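> Below is the file input.cif, which contains mmCIF, C-alpha atoms and all ligand atoms.
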```cif
data_data
loop_
_atom_site.label_atom_id
_atom_site.label_comp_id
_atom_site.auth_asym_id
_atom_site.auth_seq_id
_atom_site.Cartn_x
_atom_site.Cartn_y
_atom_site.Cartn_z
CA MET A 1 70.13 130.82 129.75
CA ALA A 2 68.12 129.45 132.64
CA THR A 3 69.88 127.00 134.92
CA GLU A 4 68.33 123.57 134.56
CA LEU A 5 66.86 121.83 137.53
CA PRO A 6 68.67 118.65 138.43
CA ASP A 7 67.23 115.38 137.22
CA GLY A 8 65.12 113.73 139.94
CA PHE A 9 63.88 117.02 141.41
CA ARG A 10 60.08 117.03 141.47
CA TYR A 11 58.20 120.12 142.54
CA LEU A 12 54.52 119.47 143.38
CA PRO A 13 53.00 122.92 144.01
CA ASP A 14 49.86 123.07 146.15
CA PHE A 15 49.90 119.28 146.52
CA LEU A 16 48.19 119.25 149.94
CA SER A 17 44.68 120.63 150.46
CA ARG A 18 44.07 123.22 153.17
CA GLU A 19 42.36 120.51 155.27
CA HIS A 20 45.31 118.18 154.86
CA GLN A 21 47.69 121.02 155.86
CA GLN A 22 45.59 121.76 158.96
CA ALA A 23 45.60 118.08 159.95
CA LEU A 24 49.38 118.00 159.54
CA VAL A 25 49.82 121.09 161.72
CA ALA A 26 47.72 119.44 164.44
CA ALA A 27 49.84 116.29 164.20
CA ILE A 28 53.08 118.30 164.38
CA ARG A 29 51.80 120.24 167.40
CA ASN A 30 51.48 116.87 169.16
CA VAL A 31 55.00 115.90 168.10
CA VAL A 32 56.35 119.18 169.51
CA LEU A 33 54.54 118.60 172.83
CA GLU A 34 56.46 115.33 173.24
CA ALA A 35 59.68 116.44 171.56
CA PRO A 36 60.13 120.20 172.00
CA LEU A 37 61.84 122.37 169.38
CA TYR A 38 65.46 123.04 170.32
CA THR A 39 68.18 125.28 168.89
CA PRO A 40 70.76 123.24 166.99
CA GLU A 41 74.44 124.26 167.00
CA MET A 42 76.93 124.16 164.15
CA PRO A 43 79.69 121.56 164.49
CA ARG A 44 82.98 122.84 166.04
CA THR A 45 81.98 126.52 166.30
CA GLY A 46 78.81 125.93 168.30
CA LYS A 47 77.15 128.81 166.44
CA PRO A 48 73.39 128.49 166.97
CA MET A 49 71.28 127.91 163.88
CA SER A 50 68.39 130.33 163.33
CA VAL A 51 66.03 127.44 162.54
CA ARG A 52 64.66 125.50 165.53
CA MET A 53 64.29 121.75 165.11
CA THR A 54 62.83 118.54 166.38
CA ASN A 55 62.11 115.14 164.82
CA CYS A 56 59.74 112.23 164.74
CA GLY A 57 60.48 108.67 163.67
CA ASP A 58 62.93 105.99 164.77
CA LEU A 59 65.82 108.35 164.10
CA GLY A 60 66.25 112.11 164.28
CA TRP A 61 68.82 114.41 162.70
CA VAL A 62 70.64 116.51 165.29
CA THR A 63 73.73 118.70 165.50
CA ASP A 64 75.76 120.23 168.30
CA ARG A 65 79.22 121.69 168.77
CA GLU A 66 80.87 118.60 170.23
CA ARG A 67 79.46 115.81 168.08
CA GLY A 68 78.37 117.52 164.86
CA TYR A 69 75.75 116.31 162.38
CA ARG A 70 74.33 112.86 163.02
CA TYR A 71 71.21 110.73 163.38
CA GLN A 72 70.25 109.43 166.80
CA GLU A 73 67.35 107.65 168.47
CA ARG A 74 66.78 110.22 171.23
CA HIS A 75 65.99 113.90 171.64
CA PRO A 76 69.21 115.73 172.57
CA VAL A 77 67.59 117.76 175.37
CA THR A 78 64.98 115.43 176.90
CA GLY A 79 66.84 112.16 176.23
CA ARG A 80 63.55 110.55 175.21
CA PRO A 81 62.88 108.55 172.04
CA TRP A 82 61.32 110.57 169.20
CA PRO A 83 57.54 110.30 168.75
CA ALA A 84 56.21 108.27 165.82
CA ILE A 85 55.88 109.75 162.34
CA PRO A 86 52.20 110.74 161.89
CA PRO A 87 50.35 108.31 159.58
CA GLN A 88 49.42 110.99 157.02
CA LEU A 89 53.14 111.60 156.42
CA LEU A 90 53.77 107.88 155.91
CA ASP A 91 50.90 107.88 153.37
CA LEU A 92 52.44 110.88 151.62
CA TRP A 93 55.82 109.11 151.43
CA GLN A 94 54.16 106.08 149.88
CA SER A 95 52.34 108.16 147.30
CA VAL A 96 55.25 110.35 146.13
CA SER A 97 58.63 108.80 147.01
CA GLY A 98 58.60 105.83 144.63
CA TYR A 99 60.72 104.07 147.26
CA ASP A 100 59.83 100.72 148.78
CA LYS A 101 61.34 101.17 152.26
CA MET A 102 59.60 103.41 154.78
CA PRO A 103 61.14 106.64 156.09
CA GLU A 104 63.04 106.37 159.37
CA ALA A 105 63.29 110.08 160.13
CA CYS A 106 61.14 113.16 159.81
CA LEU A 107 63.03 116.36 160.57
CA VAL A 108 60.80 119.25 161.65
CA ASN A 109 62.32 122.68 160.89
CA PHE A 110 60.65 125.76 162.33
CA TYR A 111 61.50 129.13 160.75
CA GLY A 112 60.56 132.37 162.48
CA ALA A 113 60.54 135.60 160.48
CA GLU A 114 64.34 135.97 160.66
CA ALA A 115 65.40 132.37 160.14
CA LYS A 116 67.31 131.04 157.14
CA MET A 117 69.38 128.02 156.23
CA GLY A 118 72.71 128.32 154.42
CA MET A 119 73.58 126.32 151.32
CA HIS A 120 74.43 122.72 152.20
CA GLN A 121 74.21 119.12 151.00
CA ASP A 122 72.23 116.43 152.83
CA ARG A 123 74.68 113.57 153.14
CA ASP A 124 74.37 112.20 156.64
CA GLU A 125 72.17 109.36 155.39
CA THR A 126 73.75 106.02 154.47
CA ASP A 127 71.01 105.26 151.96
CA LEU A 128 71.62 107.94 149.33
CA ALA A 129 69.46 106.06 146.81
CA ALA A 130 66.36 107.02 148.79
CA PRO A 131 64.79 110.39 147.95
CA VAL A 132 64.04 113.11 150.48
CA VAL A 133 60.40 114.25 150.59
CA SER A 134 59.84 117.82 151.80
CA VAL A 135 56.58 119.46 152.88
CA SER A 136 56.19 123.22 153.40
CA LEU A 137 53.59 124.64 155.81
CA GLY A 138 52.87 128.25 156.73
CA ASP A 139 54.69 131.31 155.43
CA GLN A 140 56.38 131.24 152.03
CA CYS A 141 60.14 131.11 151.67
CA GLN A 142 62.77 131.68 149.04
CA PHE A 143 64.35 128.30 148.38
CA ARG A 144 67.60 127.94 146.41
CA ILE A 145 68.94 124.84 144.70
CA GLY A 146 72.16 124.30 142.74
CA GLY A 147 74.11 121.25 141.69
CA PRO A 148 76.40 118.70 143.33
CA ALA A 149 79.29 121.20 143.60
CA ARG A 150 79.05 124.29 145.77
CA SER A 151 80.21 126.40 142.79
CA ASP A 152 77.41 125.16 140.47
CA PRO A 153 74.87 127.77 139.33
CA THR A 154 71.71 128.00 141.42
CA ARG A 155 68.03 128.73 140.88
CA SER A 156 65.67 130.07 143.45
CA PHE A 157 61.93 130.04 143.77
CA ARG A 158 59.21 130.44 146.34
CA LEU A 159 57.89 127.51 148.30
CA SER A 160 54.35 127.97 149.61
CA SER A 161 52.23 126.18 152.17
CA GLY A 162 51.08 122.81 150.88
CA ASP A 163 53.92 122.45 148.37
CA VAL A 164 55.75 119.12 148.28
CA VAL A 165 59.23 118.61 146.83
CA VAL A 166 60.77 115.21 146.07
CA LEU A 167 64.56 115.18 145.87
CA GLY A 168 65.68 111.99 144.22
CA GLY A 169 68.15 110.82 141.63
CA ARG A 170 70.81 113.35 140.71
CA SER A 171 69.14 116.10 142.75
CA ARG A 172 69.73 114.15 145.95
CA LEU A 173 73.22 115.61 146.48
CA SER A 174 72.43 119.10 145.19
CA PHE A 175 73.41 122.05 147.32
CA HIS A 176 70.33 123.87 148.60
CA GLY A 177 69.22 126.34 151.24
CA VAL A 178 66.56 128.80 152.37
CA ASP A 179 67.48 132.45 151.76
CA ARG A 180 64.57 133.99 153.63
CA VAL A 181 61.02 133.63 154.88
CA PHE A 182 58.27 136.03 153.77
CA PRO A 183 56.30 136.88 156.92
CA THR A 184 52.48 137.10 156.86
CA THR A 185 52.14 135.23 153.55
CA SER A 186 50.03 132.43 155.07
CA THR A 187 47.23 132.16 157.62
CA LEU A 188 47.87 128.47 158.38
CA LEU A 189 49.95 128.99 161.54
CA LYS A 190 48.32 131.13 164.21
CA ASN A 191 51.56 132.88 165.16
CA GLY A 192 53.12 132.87 161.70
CA GLY A 193 56.40 131.33 160.64
CA ARG A 194 57.20 128.38 158.44
CA ILE A 195 57.42 124.65 159.11
CA ASN A 196 59.33 122.35 156.81
CA LEU A 197 59.07 118.59 157.21
CA THR A 198 61.62 116.34 155.53
CA LEU A 199 61.04 112.61 155.39
CA ARG A 200 64.15 110.49 154.99
CA ARG A 201 65.32 106.93 154.77
CA VAL A 202 68.64 106.82 156.66
CA ASN A 203 69.81 103.17 156.51
CA PRO A 204 69.73 100.96 153.41
C1 LIG B 301 67.55 119.33 147.90
N1 LIG B 301 65.46 121.95 154.58
O1 LIG B 301 66.29 120.10 156.34
S1 LIG B 301 63.51 121.50 152.12
C2 LIG B 301 67.01 120.31 155.36
O2 LIG B 301 63.04 124.26 153.74
C3 LIG B 301 66.63 121.36 154.40
O3 LIG B 301 63.76 123.57 155.64
C4 LIG B 301 65.04 123.05 153.76
O4 LIG B 301 67.38 121.63 153.52
C5 LIG B 301 63.84 123.66 154.41
O5 LIG B 301 68.04 119.68 155.12
C6 LIG B 301 64.78 122.66 152.36
C7 LIG B 301 63.80 120.99 150.48
C8 LIG B 301 64.96 120.07 150.35
C9 LIG B 301 65.19 119.07 151.27
C10 LIG B 301 66.20 118.17 151.07
C11 LIG B 301 67.00 118.25 149.95
C12 LIG B 301 65.75 120.17 149.25
C13 LIG B 301 66.79 119.26 149.04
C14 LIG B 301 68.01 117.30 149.70
C15 LIG B 301 68.75 117.37 148.55
C16 LIG B 301 68.53 118.39 147.66
FE FE B 302 68.89 120.10 153.36
#
```
Mind turning this structure into structure tokens?
Ligand code: MD3
Ligand code: FE

Amino acid sequence: MATELPDGFRYLPDFLSREHQQALVAAIRNVVLEAPLYTPEMPRTGKPMSVRMTNCGDLGWVTDRERGYRYQERHPVTGRPWPAIPPQLLDLWQSVSGYDKMPEACLVNFYGAEAKMGMHQDRDETDLAAPVVSVSLGDQCQFRIGGPARSDPTRSFRLSSGDVVVLGGRSRLSFHGVDRVFPTTSTLLKNGGRINLTLRRVNP
């Protein structure tokens, strides 16, 4: 029997037009000029993650060996405040989140051909009633989602450029991860790879 998707999980395939995706890439290139991608480290072990990250918004999600997972107002390498969330992402949040408060953080994940993200829960936000809105750009990936316990059964499927996923309700605390990227499956990014943007409300 197929594993059911958690309640509150909304998958919107091909939600963004090619033009909208291109405009988003241009906006994210500007974010990265001000707030360069850096290599996050796992808490305690300091093991580098294979995904490179930056943020825009009032708050950004960061992790390093000494201080672990957290939100903070400044880039961990430059010490500067994060750039603003591009307006088209605020519009997207308003059209799909169903949430009245605006997002405070937009995490930018960059996956090269070899990058992946292990199964985890997103629970560093205080406002767990707010959904997470995710946008995929560039190469496809194999995404996996389970339930609120690590041992729950999982389902996996491909996320493609322009897909939007809304993680609300009971899906909000589901374990999830990215098993692999499929190189050369998109022409959106000149040098290939995958960008994932996650919009989040952090504080109630
Ligand atoms: C399911 N990012 O940044 S996006 C993350 O593709 C993260 O980069 C993945 O997991 C990526 O934390 C997955 C889809 C996603 C985002 C948040 C979720 C799925 C989620 C929160 C709860 C449940
Ligand atoms: Fe996550």
> Show me, as JSON lines, the residues of chain A having an atom within 7 Å of ligand FE 302 (chain B), each with the closest atom pair and its distance in Å, using only C-alpha atoms and all ligand atoms.

```
{"residue": "A:His120", "atom": "CA", "partner": "B:FE302", "partner_atom": "FE", "distance": 6.2}
{"residue": "A:Gln121", "atom": "CA", "partner": "B:FE302", "partner_atom": "FE", "distance": 5.9}
{"residue": "A:Asp122", "atom": "CA", "partner": "B:FE302", "partner_atom": "FE", "distance": 5.0}
{"residue": "A:His176", "atom": "CA", "partner": "B:FE302", "partner_atom": "FE", "distance": 6.2}
{"residue": "A:Gly177", "atom": "CA", "partner": "B:FE302", "partner_atom": "FE", "distance": 6.6}
```
> Counting only C-alpha atoms, what is within 6 Å of range 157-165 of chain A, bar same-chain residues fewer than 2 positions away, as a list in words?
Arg10, Tyr11, Leu12, Pro13, Asp14, Phe15, Leu16, Val133, Ser134, Val135, Ser136, Leu137, Gly138, Gln140, Cys141, Gln142 and Phe143 of chain A
> I want to know what sits within 6 Å of range 53-67 of chain A, based on all atoms listed in the file, with residues of the same chain fewer than 3 positions away left out; could you give that as a VMD selection string?
chain A and resid 37 to 38 40 to 44 46 70 to 73 82 to 85 104 to 109
> Could the centre and edge lengths of an axis-aligned box, enclosing all atoms of range 105-124 of chain A in the file with 4 Å extra on each side, be given in Å to one decimal as AutoDock Vina command-line options?

```
--center_x 67.6 --center_y 123.0 --center_z 156.7 --size_x 22.1 --size_y 33.9 --size_z 19.5
```
> How many Å separate CA of Ala130 in chain A from atom C15 of ligand LIG 301 (chain B)?
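So the answer is 10.6 Å.
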> Ranking A:Gly118, A:Gln88, A:Thr185, A:Thr198 by minimum distance to Ala27 in chain A and counting only C-alpha atoms, which one comes first?
A:Gln88
> To one decimal place, how far is CA of Leu24 in chain A from atom C12 of ligand LIG 301 (chain B) in Å?
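About the pair CA of Leu24 in chain A and atom C12 of ligand LIG 301 (chain B): they are 19.5 Å apart.
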> Looking at A:Lys101, A:Lys116, A:Arg74, A:Arg18, which one is nearest to ligand LIG 301 (chain B), with distances taken over all atoms listed in the file?
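Looking only at the distances to ligand LIG 301 (chain B), the closest residue turns out to be A:Lys116.
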> Which of these, A:Tyr99, A:Pro87, A:Ala115, A:His20, has the shortest distance to Pro48 in chain A once you count all atoms listed in the file?
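Of A:Tyr99, A:Pro87, A:Ala115, A:His20, the one nearest Pro48 in chain A, counting all atoms listed in the file, is A:Ala115.
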> For a test of reading the model, state the distance in Å between CA of Phe9 in chain A and CA of Tyr111 in chain A, rounded to one decimal.
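We find that CA of Phe9 in chain A and CA of Tyr111 in chain A lie 22.9 Å from each other.
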> Can you work out which one of A:Leu33, A:Ile195, A:Val96, A:Leu188 has the shortest atom-to-atom distance to ligand LIG 301 (chain B), counting all atoms listed in the file?
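The shortest atom-to-atom distance to ligand LIG 301 (chain B) comes from A:Ile195.
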> Restricting the calculation to only C-alpha atoms: of A:Pro86, A:Glu4, A:Tyr69, A:Met119, which residue gets closest to Ala23 in chain A?
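Using only C-alpha atoms, the shortest distance to Ala23 in chain A belongs to A:Pro86.
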> Complete the atoms of range 49-60 of chain A to all heavy atoms and put them out as an mmCIF file, keeping the file's coordinate frame.

```cif
data_model
loop_
_atom_site.group_PDB
_atom_site.id
_atom_site.type_symbol
_atom_site.label_atom_id
_atom_site.label_comp_id
_atom_site.auth_asym_id
_atom_site.auth_seq_id
_atom_site.Cartn_x
_atom_site.Cartn_y
_atom_site.Cartn_z
ATOM 1 N N MET A 49 72.007 127.731 165.136
ATOM 2 C CA MET A 49 71.280 127.910 163.880
ATOM 3 C C MET A 49 70.057 128.784 164.157
ATOM 4 O O MET A 49 69.557 128.833 165.283
ATOM 5 C CB MET A 49 70.859 126.543 163.320
ATOM 6 C CG MET A 49 72.056 125.707 162.875
ATOM 7 S SD MET A 49 71.605 124.074 162.260
ATOM 8 C CE MET A 49 70.776 124.505 160.737
ATOM 9 N N SER A 50 69.573 129.480 163.132
ATOM 10 C CA SER A 50 68.390 130.330 163.330
ATOM 11 C C SER A 50 67.108 129.521 163.240
ATOM 12 O O SER A 50 66.056 129.964 163.697
ATOM 13 C CB SER A 50 68.383 131.486 162.323
ATOM 14 O OG SER A 50 68.441 131.002 160.997
ATOM 15 N N VAL A 51 67.186 128.335 162.634
ATOM 16 C CA VAL A 51 66.030 127.440 162.540
ATOM 17 C C VAL A 51 65.979 126.600 163.813
ATOM 18 O O VAL A 51 67.010 126.099 164.265
ATOM 19 C CB VAL A 51 66.200 126.528 161.306
ATOM 20 C CG1 VAL A 51 65.064 125.523 161.200
ATOM 21 C CG2 VAL A 51 66.303 127.354 160.027
ATOM 22 N N ARG A 52 64.811 126.444 164.404
ATOM 23 C CA ARG A 52 64.660 125.500 165.530
ATOM 24 C C ARG A 52 64.173 124.163 164.977
ATOM 25 O O ARG A 52 63.516 124.118 163.937
ATOM 26 C CB ARG A 52 63.732 126.067 166.580
ATOM 27 C CG ARG A 52 64.399 127.278 167.274
ATOM 28 C CD ARG A 52 63.620 127.746 168.487
ATOM 29 N NE ARG A 52 62.300 128.189 168.108
ATOM 30 C CZ ARG A 52 61.205 128.032 168.858
ATOM 31 N NH1 ARG A 52 61.280 127.404 170.033
ATOM 32 N NH2 ARG A 52 60.039 128.480 168.445
ATOM 33 N N MET A 53 64.537 123.085 165.665
ATOM 34 C CA MET A 53 64.290 121.750 165.110
ATOM 35 C C MET A 53 63.779 120.761 166.150
ATOM 36 O O MET A 53 64.071 120.878 167.329
ATOM 37 C CB MET A 53 65.586 121.148 164.550
ATOM 38 C CG MET A 53 66.160 121.905 163.387
ATOM 39 S SD MET A 53 67.645 121.102 162.748
ATOM 40 C CE MET A 53 67.957 122.196 161.362
ATOM 41 N N THR A 54 63.055 119.769 165.638
ATOM 42 C CA THR A 54 62.830 118.540 166.380
ATOM 43 C C THR A 54 62.635 117.442 165.318
ATOM 44 O O THR A 54 62.835 117.704 164.126
ATOM 45 C CB THR A 54 61.656 118.651 167.368
ATOM 46 O OG1 THR A 54 61.629 117.471 168.181
ATOM 47 C CG2 THR A 54 60.304 118.795 166.658
ATOM 48 N N ASN A 55 62.283 116.245 165.744
ATOM 49 C CA ASN A 55 62.110 115.140 164.820
ATOM 50 C C ASN A 55 60.994 114.234 165.293
ATOM 51 O O ASN A 55 60.648 114.219 166.473
ATOM 52 C CB ASN A 55 63.371 114.253 164.772
ATOM 53 C CG ASN A 55 64.583 114.934 164.160
ATOM 54 O OD1 ASN A 55 64.835 114.817 162.959
ATOM 55 N ND2 ASN A 55 65.366 115.659 164.963
ATOM 56 N N CYS A 56 60.503 113.409 164.368
ATOM 57 C CA CYS A 56 59.740 112.230 164.740
ATOM 58 C C CYS A 56 60.263 111.065 163.908
ATOM 59 O O CYS A 56 60.950 111.283 162.906
ATOM 60 C CB CYS A 56 58.238 112.453 164.601
ATOM 61 S SG CYS A 56 57.709 113.211 163.066
ATOM 62 N N GLY A 57 59.961 109.847 164.364
ATOM 63 C CA GLY A 57 60.480 108.670 163.670
ATOM 64 C C GLY A 57 61.469 107.913 164.542
ATOM 65 O O GLY A 57 61.781 108.323 165.655
ATOM 66 N N ASP A 58 61.970 106.801 164.006
ATOM 67 C CA ASP A 58 62.930 105.990 164.770
ATOM 68 C C ASP A 58 64.239 106.738 164.978
ATOM 69 O O ASP A 58 64.944 106.511 165.961
ATOM 70 C CB ASP A 58 63.216 104.681 164.023
ATOM 71 C CG ASP A 58 62.008 103.763 163.991
ATOM 72 O OD1 ASP A 58 61.117 103.930 164.859
ATOM 73 O OD2 ASP A 58 61.939 102.901 163.100
ATOM 74 N N LEU A 59 64.575 107.590 164.031
ATOM 75 C CA LEU A 59 65.820 108.350 164.100
ATOM 76 C C LEU A 59 65.535 109.822 163.893
ATOM 77 O O LEU A 59 64.613 110.187 163.169
ATOM 78 C CB LEU A 59 66.786 107.881 162.994
ATOM 79 C CG LEU A 59 67.328 106.457 163.130
ATOM 80 C CD1 LEU A 59 68.078 106.063 161.863
ATOM 81 C CD2 LEU A 59 68.240 106.358 164.364
ATOM 82 N N GLY A 60 66.370 110.668 164.495
ATOM 83 C CA GLY A 60 66.250 112.110 164.280
ATOM 84 C C GLY A 60 67.604 112.692 163.923
ATOM 85 O O GLY A 60 68.639 112.218 164.411
#
```
